[in-house]
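data01.cif (mmCIF, C-alpha atoms (C1' of nucleotides)) appears below.
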data_work
loop_
_atom_site.label_atom_id
_atom_site.label_comp_id
_atom_site.auth_asym_id
_atom_site.auth_seq_id
_atom_site.Cartn_x
_atom_site.Cartn_y
_atom_site.Cartn_z
CA MET E 13 30.66 -3.44 -4.45
CA ASP E 14 32.32 -5.29 -7.29
CA GLU E 15 31.33 -8.75 -6.16
CA LEU E 16 27.81 -7.43 -5.61
CA LEU E 17 27.74 -6.18 -9.20
CA ARG E 18 28.90 -9.57 -10.49
CA GLU E 19 26.29 -11.32 -8.38
CA VAL E 20 23.52 -9.04 -9.64
CA ARG E 21 24.67 -9.39 -13.21
CA GLY E 22 24.41 -13.15 -12.80
CA ARG E 23 20.91 -13.00 -11.41
CA LEU E 24 19.79 -10.70 -14.19
CA ALA E 25 21.27 -12.99 -16.83
CA VAL E 26 18.97 -15.78 -15.64
CA THR E 27 16.06 -13.99 -17.26
CA ASP E 28 18.02 -12.38 -20.09
CA GLN E 29 18.25 -8.98 -18.49
CA ARG E 30 21.24 -6.68 -18.51
CA MET E 31 23.36 -4.75 -16.09
CA THR E 32 22.96 -1.13 -17.06
CA ARG E 33 23.88 2.33 -15.89
CA GLY E 34 20.45 2.89 -14.37
CA ARG E 35 20.51 -0.34 -12.40
CA ARG E 36 24.04 0.24 -11.19
CA ALA E 37 23.00 3.70 -10.01
CA LEU E 38 20.04 2.18 -8.15
CA LEU E 39 22.28 -0.31 -6.37
CA GLU E 40 24.64 2.47 -5.30
CA VAL E 41 21.76 4.49 -3.87
CA PHE E 42 20.55 1.51 -1.84
CA LEU E 43 24.05 0.62 -0.65
CA ARG E 44 24.64 4.15 0.55
CA ALA E 45 21.21 4.42 2.18
CA GLY E 46 21.26 1.09 3.99
CA ARG E 47 17.56 1.39 4.71
CA PRO E 48 14.24 0.95 2.88
CA LEU E 49 13.65 3.77 0.40
CA GLY E 50 10.54 5.08 -1.33
CA VAL E 51 10.60 6.27 -4.92
CA ARG E 52 10.71 9.93 -3.91
CA GLU E 53 13.77 9.31 -1.75
CA ILE E 54 15.46 7.45 -4.55
CA VAL E 55 14.83 10.26 -7.01
CA ALA E 56 16.18 12.76 -4.49
CA ALA E 57 19.26 10.62 -3.83
CA ALA E 58 19.89 10.43 -7.57
CA ASP E 59 19.63 14.21 -7.90
CA GLY E 60 16.54 13.87 -10.06
CA THR E 61 18.66 12.54 -12.91
CA VAL E 62 16.57 9.41 -13.29
CA PRO E 63 13.17 9.44 -14.99
CA GLN E 64 10.46 7.76 -12.95
CA SER E 65 9.46 5.37 -15.70
CA SER E 66 12.88 3.71 -15.83
CA LEU E 67 13.03 3.82 -12.07
CA TYR E 68 9.81 1.88 -11.62
CA ARG E 69 10.74 -0.56 -14.34
CA ASN E 70 14.13 -1.21 -12.82
CA LEU E 71 12.72 -1.61 -9.34
CA ALA E 72 10.42 -4.30 -10.69
CA VAL E 73 13.24 -6.02 -12.56
CA LEU E 74 15.54 -6.00 -9.54
CA CYS E 75 12.77 -7.36 -7.33
CA ASP E 76 12.12 -10.21 -9.74
CA ALA E 77 15.83 -10.92 -9.80
CA GLY E 78 15.83 -11.15 -5.99
CA VAL E 79 18.17 -8.17 -5.67
CA LEU E 80 15.63 -5.87 -4.05
CA ARG E 81 12.75 -6.65 -1.77
CA ARG E 82 9.45 -4.76 -1.92
CA LEU E 83 8.01 -3.43 1.35
CA ASN E 84 4.65 -1.90 2.05
CA PHE E 85 4.14 -0.08 5.33
CA ASP E 86 0.77 1.34 4.27
CA GLU E 87 2.20 4.82 3.80
CA GLY E 88 0.54 5.38 0.44
CA PHE E 89 3.64 4.32 -1.47
CA VAL E 90 5.97 1.34 -1.58
CA ARG E 91 9.51 1.03 -0.29
CA TYR E 92 12.36 -1.17 -1.47
CA GLU E 93 15.47 -2.46 0.23
CA LEU E 94 18.52 -4.46 -0.79
CA ASP E 95 17.99 -8.19 -0.63
CA HIS E 96 21.34 -9.67 -1.56
CA GLU E 97 22.88 -12.65 0.15
CA MET E 98 24.33 -10.65 3.01
CA THR E 99 20.88 -9.42 3.91
CA GLU E 100 19.08 -12.17 5.79
CA HIS E 101 15.35 -12.49 6.18
CA HIS E 102 14.15 -10.01 8.77
CA HIS E 103 11.24 -7.86 9.89
CA HIS E 104 10.67 -4.20 10.62
CA LEU E 105 9.93 -1.87 13.46
CA VAL E 106 8.19 1.28 12.22
CA CYS E 107 7.64 4.40 14.32
CA SER E 108 4.15 5.77 13.74
CA ARG E 109 5.26 9.34 14.52
CA CYS E 110 8.52 9.86 12.64
CA ASN E 111 8.22 6.90 10.23
CA ALA E 112 11.70 5.71 11.08
CA VAL E 113 12.23 2.11 10.04
CA VAL E 114 14.50 -0.18 12.02
CA ASP E 115 15.44 -3.75 11.16
CA LEU E 116 14.80 -6.53 13.64
CA ASP E 117 17.27 -9.37 13.56
CA GLU E 118 16.96 -13.07 14.14
CA ARG E 119 18.06 -12.69 17.76
CA THR E 120 15.09 -10.49 18.58
CA LEU E 121 12.44 -12.45 16.73
CA GLY E 122 13.92 -15.93 16.74
CA THR E 123 11.20 -17.40 18.93
CA VAL E 124 8.54 -15.78 16.82
CA GLU E 125 10.00 -17.19 13.61
CA ALA E 126 10.13 -20.65 15.12
CA ALA E 127 6.50 -20.47 16.19
CA LEU E 128 5.59 -19.20 12.75
CA ALA E 129 7.32 -22.08 11.04
CA LYS E 130 5.27 -24.54 13.09
CA ALA E 131 2.05 -22.65 12.42
CA GLU E 132 2.77 -22.60 8.70
CA ALA E 133 3.28 -26.35 8.70
CA ALA E 134 -0.01 -26.79 10.55
CA ILE E 135 -1.78 -24.55 8.05
CA ARG E 136 -0.55 -26.66 5.18
CA ARG E 137 -1.72 -29.85 6.86
CA SER E 138 -5.12 -28.61 7.94
CA ARG E 139 -6.15 -26.36 5.07
CA GLY E 140 -3.96 -27.39 2.16
CA PHE E 141 -2.62 -23.84 1.97
CA THR E 142 1.11 -23.62 1.25
CA VAL E 143 2.59 -20.55 2.89
CA GLU E 144 5.41 -19.17 0.76
CA GLU E 145 6.27 -15.99 2.61
CA HIS E 146 5.19 -13.92 5.54
CA GLN E 147 5.42 -10.26 6.34
CA LEU E 148 5.52 -9.10 9.92
CA ASP E 149 5.71 -5.45 10.83
CA LEU E 150 5.62 -3.95 14.28
CA ARG E 151 4.39 -0.40 14.70
CA GLY E 152 4.64 1.84 17.71
CA VAL E 153 6.47 4.81 19.15
CA CYS E 154 10.25 4.96 19.19
CA ARG E 155 12.32 6.22 22.10
CA SER E 156 12.98 9.71 20.71
CA CYS E 157 9.33 10.30 19.83
CA ALA E 158 8.01 9.07 23.17
CA MET K 25 -27.53 -5.16 13.72
CA ASP K 26 -29.33 -2.82 16.08
CA GLU K 27 -26.95 -3.24 18.96
CA LEU K 28 -24.08 -2.79 16.53
CA LEU K 29 -25.59 0.49 15.38
CA ARG K 30 -25.92 1.68 18.99
CA GLU K 31 -22.35 0.67 19.69
CA VAL K 32 -21.07 2.50 16.63
CA ARG K 33 -23.15 5.55 17.43
CA GLY K 34 -21.52 5.60 20.85
CA ARG K 35 -18.02 5.35 19.47
CA LEU K 36 -18.68 8.12 16.99
CA ALA K 37 -20.08 10.37 19.70
CA VAL K 38 -16.75 10.24 21.52
CA THR K 39 -15.27 12.50 18.86
CA ASP K 40 -18.45 14.44 18.07
CA GLN K 41 -19.27 12.51 14.93
CA ARG K 42 -22.70 11.43 13.80
CA MET K 43 -24.43 8.26 12.68
CA THR K 44 -25.58 8.94 9.16
CA ARG K 45 -27.15 7.19 6.20
CA GLY K 46 -23.81 6.79 4.46
CA ARG K 47 -22.13 5.23 7.46
CA ARG K 48 -25.06 2.92 8.13
CA ALA K 49 -24.90 1.78 4.51
CA LEU K 50 -21.18 1.10 4.87
CA LEU K 51 -21.78 -1.06 7.93
CA GLU K 52 -24.42 -3.05 6.12
CA VAL K 53 -22.07 -3.71 3.23
CA PHE K 54 -19.36 -4.96 5.58
CA LEU K 55 -21.77 -7.08 7.60
CA ARG K 56 -23.08 -8.76 4.47
CA ALA K 57 -19.59 -9.26 3.00
CA GLY K 58 -17.93 -10.67 6.12
CA ARG K 59 -14.52 -10.22 4.56
CA PRO K 60 -12.04 -7.42 3.83
CA LEU K 61 -13.24 -5.16 1.04
CA GLY K 62 -11.49 -2.68 -1.23
CA VAL K 63 -13.12 0.57 -2.27
CA ARG K 64 -14.11 -0.77 -5.68
CA GLU K 65 -15.89 -3.71 -4.10
CA ILE K 66 -17.68 -1.40 -1.71
CA VAL K 67 -18.84 0.85 -4.52
CA ALA K 68 -20.06 -2.20 -6.44
CA ALA K 69 -21.85 -3.58 -3.39
CA ALA K 70 -23.58 -0.24 -2.93
CA ASP K 71 -24.69 -0.21 -6.57
CA GLY K 72 -22.55 2.83 -7.25
CA THR K 73 -24.92 5.01 -5.24
CA VAL K 74 -22.17 6.32 -3.00
CA PRO K 75 -19.72 8.98 -4.19
CA GLN K 76 -16.12 8.07 -3.56
CA SER K 77 -15.32 11.21 -1.64
CA SER K 78 -17.85 10.45 1.10
CA LEU K 79 -16.79 6.83 1.00
CA TYR K 80 -13.15 7.60 1.69
CA ARG K 81 -14.06 10.13 4.34
CA ASN K 82 -16.35 7.69 6.10
CA LEU K 83 -13.84 4.88 5.93
CA ALA K 84 -11.35 7.13 7.68
CA VAL K 85 -13.90 8.19 10.29
CA LEU K 86 -14.95 4.62 11.02
CA CYS K 87 -11.34 3.53 11.32
CA ASP K 88 -10.60 6.29 13.80
CA ALA K 89 -13.68 5.25 15.74
CA GLY K 90 -12.36 1.69 15.90
CA VAL K 91 -15.31 0.35 13.90
CA LEU K 92 -13.29 -0.61 10.86
CA ARG K 93 -9.73 -1.81 10.54
CA ARG K 94 -7.48 -0.81 7.65
CA LEU K 95 -5.57 -3.58 5.85
CA ASN K 96 -2.85 -3.33 3.24
CA PHE K 97 -1.91 -6.45 1.31
CA ASP K 98 0.25 -4.52 -1.16
CA GLU K 99 -2.30 -4.87 -3.92
CA GLY K 100 -2.15 -1.23 -4.96
CA PHE K 101 -5.17 -0.31 -2.89
CA VAL K 102 -6.30 -0.64 0.71
CA ARG K 103 -8.90 -2.95 2.21
CA TYR K 104 -11.10 -2.51 5.25
CA GLU K 105 -12.87 -4.94 7.51
CA LEU K 106 -15.25 -4.74 10.46
CA ASP K 107 -13.50 -4.35 13.77
CA HIS K 108 -16.32 -4.35 16.32
CA GLU K 109 -16.20 -6.19 19.60
CA MET K 110 -17.25 -9.52 18.12
CA THR K 111 -14.27 -9.42 15.79
CA GLU K 112 -11.17 -10.39 17.75
CA HIS K 113 -7.62 -9.57 16.80
CA HIS K 114 -6.49 -11.86 14.01
CA HIS K 115 -4.25 -12.23 10.99
CA HIS K 116 -4.67 -13.14 7.34
CA LEU K 117 -3.83 -15.82 4.87
CA VAL K 118 -3.71 -14.44 1.33
CA CYS K 119 -3.55 -16.55 -1.81
CA SER K 120 -1.08 -15.04 -4.28
CA ARG K 121 -2.93 -16.51 -7.25
CA CYS K 122 -6.64 -15.81 -6.62
CA ASN K 123 -6.22 -13.14 -3.93
CA ALA K 124 -8.63 -14.91 -1.63
CA VAL K 125 -8.29 -13.71 1.95
CA VAL K 126 -8.90 -16.07 4.85
CA ASP K 127 -8.86 -15.18 8.53
CA LEU K 128 -6.60 -17.04 10.90
CA ASP K 129 -7.87 -17.45 14.43
CA GLU K 130 -6.19 -17.53 17.81
CA ARG K 131 -6.13 -21.35 17.77
CA THR K 132 -3.92 -21.40 14.70
CA LEU K 133 -1.56 -18.61 15.65
CA GLY K 134 -1.76 -18.73 19.43
CA THR K 135 1.86 -19.78 19.88
CA VAL K 136 3.00 -17.09 17.47
CA GLU K 137 1.06 -14.40 19.33
CA ALA K 138 2.57 -15.50 22.61
CA ALA K 139 6.08 -15.37 21.20
CA LEU K 140 5.33 -11.97 19.71
CA ALA K 141 4.13 -10.60 23.04
CA LYS K 142 7.41 -11.61 24.66
CA ALA K 143 9.45 -10.16 21.80
CA GLU K 144 7.54 -6.88 22.01
CA ALA K 145 8.26 -6.63 25.72
CA ALA K 146 11.94 -7.29 25.02
CA ILE K 147 11.96 -4.61 22.34
CA ARG K 148 10.58 -2.08 24.78
CA ARG K 149 13.19 -2.95 27.37
CA SER K 150 16.15 -3.02 25.03
CA ARG K 151 15.39 -0.20 22.60
CA GLY K 152 12.79 1.94 24.33
CA PHE K 153 10.42 1.32 21.43
CA THR K 154 6.82 0.75 22.50
CA VAL K 155 5.09 -1.58 20.08
CA GLU K 156 1.43 -0.61 19.73
CA GLU K 157 0.29 -2.96 17.02
CA HIS K 158 1.58 -5.59 14.68
CA GLN K 159 0.47 -6.81 11.31
CA LEU K 160 1.22 -10.32 10.20
CA ASP K 161 0.17 -11.64 6.83
CA LEU K 162 0.93 -15.03 5.35
CA ARG K 163 1.01 -15.38 1.59
CA GLY K 164 1.08 -18.53 -0.45
CA VAL K 165 -1.02 -20.78 -2.65
CA CYS K 166 -4.40 -22.03 -1.51
CA ARG K 167 -5.68 -25.56 -2.01
CA SER K 168 -7.84 -24.83 -5.05
CA CYS K 169 -5.09 -22.91 -6.83
CA ALA K 170 -2.42 -25.52 -6.16
"C1'" DA J 5 -29.74 26.55 14.97
"C1'" DT J 6 -25.45 24.94 14.18
"C1'" DA J 7 -21.89 22.16 13.39
"C1'" DT J 8 -21.07 18.11 10.70
"C1'" DA J 9 -21.85 15.18 6.49
"C1'" DT J 10 -22.72 14.89 1.60
"C1'" DG J 11 -22.12 15.28 -3.38
"C1'" DC J 12 -19.88 16.93 -7.23
"C1'" DA J 13 -15.88 18.17 -9.53
"C1'" DA J 14 -11.20 18.86 -9.74
"C1'" DA J 15 -6.66 17.90 -8.10
"C1'" DA J 16 -2.81 15.32 -6.03
"C1'" DC J 17 -0.05 11.42 -5.92
"C1'" DT J 18 1.80 6.98 -7.07
"C1'" DT J 19 2.41 3.84 -10.63
"C1'" DT J 20 1.88 2.12 -15.51
"C1'" DT J 21 2.21 2.30 -20.51
"C1'" DG J 22 3.35 3.67 -25.62
"C1'" DC J 23 6.71 4.70 -28.57
"C1'" DA J 24 10.91 6.36 -30.71
"C1'" DT J 25 15.76 6.36 -29.62
"C1'" DA J 26 20.03 4.69 -27.26
"C1'" DC J 27 22.61 1.09 -25.51
"C1'" DA J 28 24.44 -3.65 -23.77
"C1'" DA J 29 25.65 -8.11 -25.25
"C1'" DT L 12 23.48 -6.72 -34.98
"C1'" DT L 13 19.71 -7.64 -32.20
"C1'" DG L 14 16.96 -7.44 -28.56
"C1'" DT L 15 16.64 -4.93 -24.29
"C1'" DA L 16 16.74 -0.45 -21.70
"C1'" DT L 17 15.94 4.42 -21.63
"C1'" DG L 18 13.56 8.87 -21.75
"C1'" DC L 19 9.76 11.55 -22.55
"C1'" DA L 20 5.06 12.25 -22.33
"C1'" DA L 21 0.67 10.83 -21.50
"C1'" DA L 22 -2.54 7.82 -19.08
"C1'" DA L 23 -4.41 5.03 -15.43
"C1'" DG L 24 -5.62 4.12 -10.75
"C1'" DT L 25 -6.21 5.33 -5.98
"C1'" DT L 26 -6.92 8.78 -2.66
"C1'" DT L 27 -7.50 13.72 -1.21
"C1'" DT L 28 -9.52 18.32 -1.21
"C1'" DG L 29 -12.63 22.65 -2.02
"C1'" DC L 30 -16.88 24.28 -1.76
"C1'" DA L 31 -21.82 24.78 -1.83
"C1'" DT L 32 -25.78 22.25 -0.14
"C1'" DA L 33 -28.18 18.94 2.83
"C1'" DT L 34 -28.68 16.76 7.22
"C1'" DA L 35 -28.15 15.02 12.15
"C1'" DT L 36 -28.22 16.51 16.71
#

Translate this structure into C-alpha cells?
Amino acid sequence: MDELLREVRGRLAVTDQRMTRGRRALLEVFLRAGRPLGVREIVAAADGTVPQSSLYRNLAVLCDAGVLRRLNFDEGFVRYELDHEMTEHHHHLVCSRCNAVVDLDERTLGTVEAALAKAEAAIRRSRGFTVEEHQLDLRGVCRSCA
Amino acid sequence: MDELLREVRGRLAVTDQRMTRGRRALLEVFLRAGRPLGVREIVAAADGTVPQSSLYRNLAVLCDAGVLRRLNFDEGFVRYELDHEMTEHHHHLVCSRCNAVVDLDERTLGTVEAALAKAEAAIRRSRGFTVEEHQLDLRGVCRSCA
DNA sequence: ATATATGCAAAACTTTTGCATACAA
DNA sequence: TTGTATGCAAAAGTTTTGCATATAT
C-alpha cells in the first residue's frame, strides 16, 4: 500500500496534482475490491461519505495519471479499475446474466494478442492509421448462470 | 430496399411486432448513412420529426429483432448500425481525435478472429463460460489527423 | 376489433460545472 | 502562501416511463 501511494504521488506530481484524502480513499476502495467498480459501488463502499462531484473529478484525474483505467461494458455507466504497474494489460469476460466481470490473462489470450499486434501493424501500413489501444470484451453466460 | 423491408417485417413478426412508419424511416436513415449513428445524428437526419421516446423504443425493438446492432465507443452515448444479412460480423477502427469510425473487414482481422475462436473454445472448456459475442474496437489516430 | 405503436411530457440516471471554502505543498 | 481540491447545489446530457391517442394487422 505504501509503495503504491508513493508511486501514485509521483505520477500525480507529473501534472502538478496532489495526493489527497479523497484520492487515497479511492485507492483503498479499489484495492479492497480488486475488480472493476461503477460509481454507485464506489459510493456504497465509501459509506456515502464522498460527494459525487469530487468522485468524478478524482476518477478523471487518476485515469489521466495512469493509476486507474476506464472501462465501458455498455451497462449505462462506466467502470474503473486499478491500473498500476502490477496490473498488466488484460481483457474481460462479462456474464450477460449476472454482470460478473472476470479478468482474462495473457495465457488465455496470448495468441489473440499476437494476432492483434500483427493486424495493427498491417493497418498502419495500409491505411496510415496508428492504433494506440484496443479494447476486447467477451460476453456470454458464466457457469453458475448456465 | 424492398427486400430489406420484407426481411425486417419477417423478423419483427417473430415477436409479434409491426412494420411501421417510424421503423421504416429509421431504416432509411441507416441505409443512407452507411455508418454507425448516435441518437442525435438520427434525429438530425430525420429533420427532428421523430420524438425521442419512439426513437429509443424503436432502436431497442430493431436491436432485439437483429436488424440493428448496438455499439458503445465510450463516447457518453450509444451508436447503432444496420445488422442485416448483407452486413457481416466486423469490428471498428475509431479515431480518437476526429471520432471517425471505419469498419474493419474479415481480410484485415481474419487471423485475430481465428485466434479468438480458439480462445473462446478454451474458455468454455476451462471455466465453463460460454462466450456468445465479443466486441473488439481499435482506437488510435487516423491518417488525416496525424 | 384489438393489440401494438406513437407522441408528448415528465422523470430517472449518469456525469458535468460554478462557486465559495478547505487543504496540500 | 498559493494554487489545487473539496463540497454543495444546480445543470446538462442521455435514456426511460406513463398515459392518452393513433395505427397496423

Using the chain letters and residue numbers of this document, give as a ChimeraX atom specification the residues selected by the PyMOL selection byres ((chain E) within 9 of (chain K)). /E:83-86,88-90,105-107,120-128,130-132,134-136,139-156,158

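Once the PyMOL selection byres ((chain L) within 10 of (chain E)) is applied to this file, the selection holds L:DG14, L:DT15, L:DA16, L:DT17, L:DG18, L:DC19, L:DT25, L:DT26.
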
File dump, residues just selected, C-alpha atoms (C1' of nucleotides), as a PDB file, in the frame of the given file:
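The result, written out as out-v1.pdb:
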ATOM      1  C1'  DG L  14      16.960  -7.440 -28.560  1.00  0.00           C
ATOM      2  C1'  DT L  15      16.640  -4.930 -24.290  1.00  0.00           C
ATOM      3  C1'  DA L  16      16.740  -0.450 -21.700  1.00  0.00           C
ATOM      4  C1'  DT L  17      15.940   4.420 -21.630  1.00  0.00           C
ATOM      5  C1'  DG L  18      13.560   8.870 -21.750  1.00  0.00           C
ATOM      6  C1'  DC L  19       9.760  11.550 -22.550  1.00  0.00           C
ATOM      7  C1'  DT L  25      -6.210   5.330  -5.980  1.00  0.00           C
ATOM      8  C1'  DT L  26      -6.920   8.780  -2.660  1.00  0.00           C
TER       9       DT L  26
END

Starting from the PyMOL selection byres ((chain J) within 8 of (chain K)), expand the selection into actual residues of this file and give them as a JSON list (two decimals) with C-alpha atoms (C1' of nucleotides), keeping the file's coordinate frame.
[["chain", "number", "residue", "atom", "x", "y", "z"],
["J", 8, "DT", "C1'", -21.07, 18.11, 10.70],
["J", 9, "DA", "C1'", -21.85, 15.18, 6.49],
["J", 10, "DT", "C1'", -22.72, 14.89, 1.60],
["J", 11, "DG", "C1'", -22.12, 15.28, -3.38]]

Can you tell me, as an MDAnalysis selection string, what residues are no more than 12 Å from Leu39 of chain E when counting all atoms listed in the file, ignoring any on the same chain fewer than 5 positions away? chainID E and resid 13:14 16:17 19:21 31:34 44:46 49 54 57:58 67 70:71 74:75 79:80 92:96

Extract, using only C-alpha atoms (C1' of nucleotides), all DNA, RNA and protein residues at most 9 Å from DT21 of chain J, discarding same-chain residues fewer than 4 positions from it, and format them as a ChimeraX atom specification. /L:21-23

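The space between atom CA of Asp88 of chain K and atom CA of Leu36 of chain K spans 8.9 Å.
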
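Atom C1' of DT6 of chain J to atom CA of Arg48 of chain K spans 22.8 Å [interatomic distance, one decimal].
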
Segment 65-81 of chain E: axis-aligned bounding box, 8 Å on each side, centre and edge lengths in Å, one decimal, as lines of an AutoDock Vina configuration file:
center_x = 13.8
center_y = -2.9
center_z = -8.8
size_x = 24.7
size_y = 32.5
size_z = 30.1

Extract, using all atoms listed in the file, all DNA, RNA and protein residues at most 9 Å from Asp129 of chain K, discarding same-chain residues fewer than 6 positions from it, and format them as a VMD selection string. chain K and resid 112 to 116

Could you save the residues just selected, with C-alpha atoms, as a CSV table (one decimal), in the frame of the given file?
chain,number,residue,atom,x,y,z
K,112,GLU,CA,-11.2,-10.4,17.8
K,113,HIS,CA,-7.6,-9.6,16.8
K,114,HIS,CA,-6.5,-11.9,14.0
K,115,HIS,CA,-4.2,-12.2,11.0
K,116,HIS,CA,-4.7,-13.1,7.3

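Taking atom CA of Arg109 of chain E and atom CA of Pro48 of chain E as the two end points, the separation is 16.9 Å.
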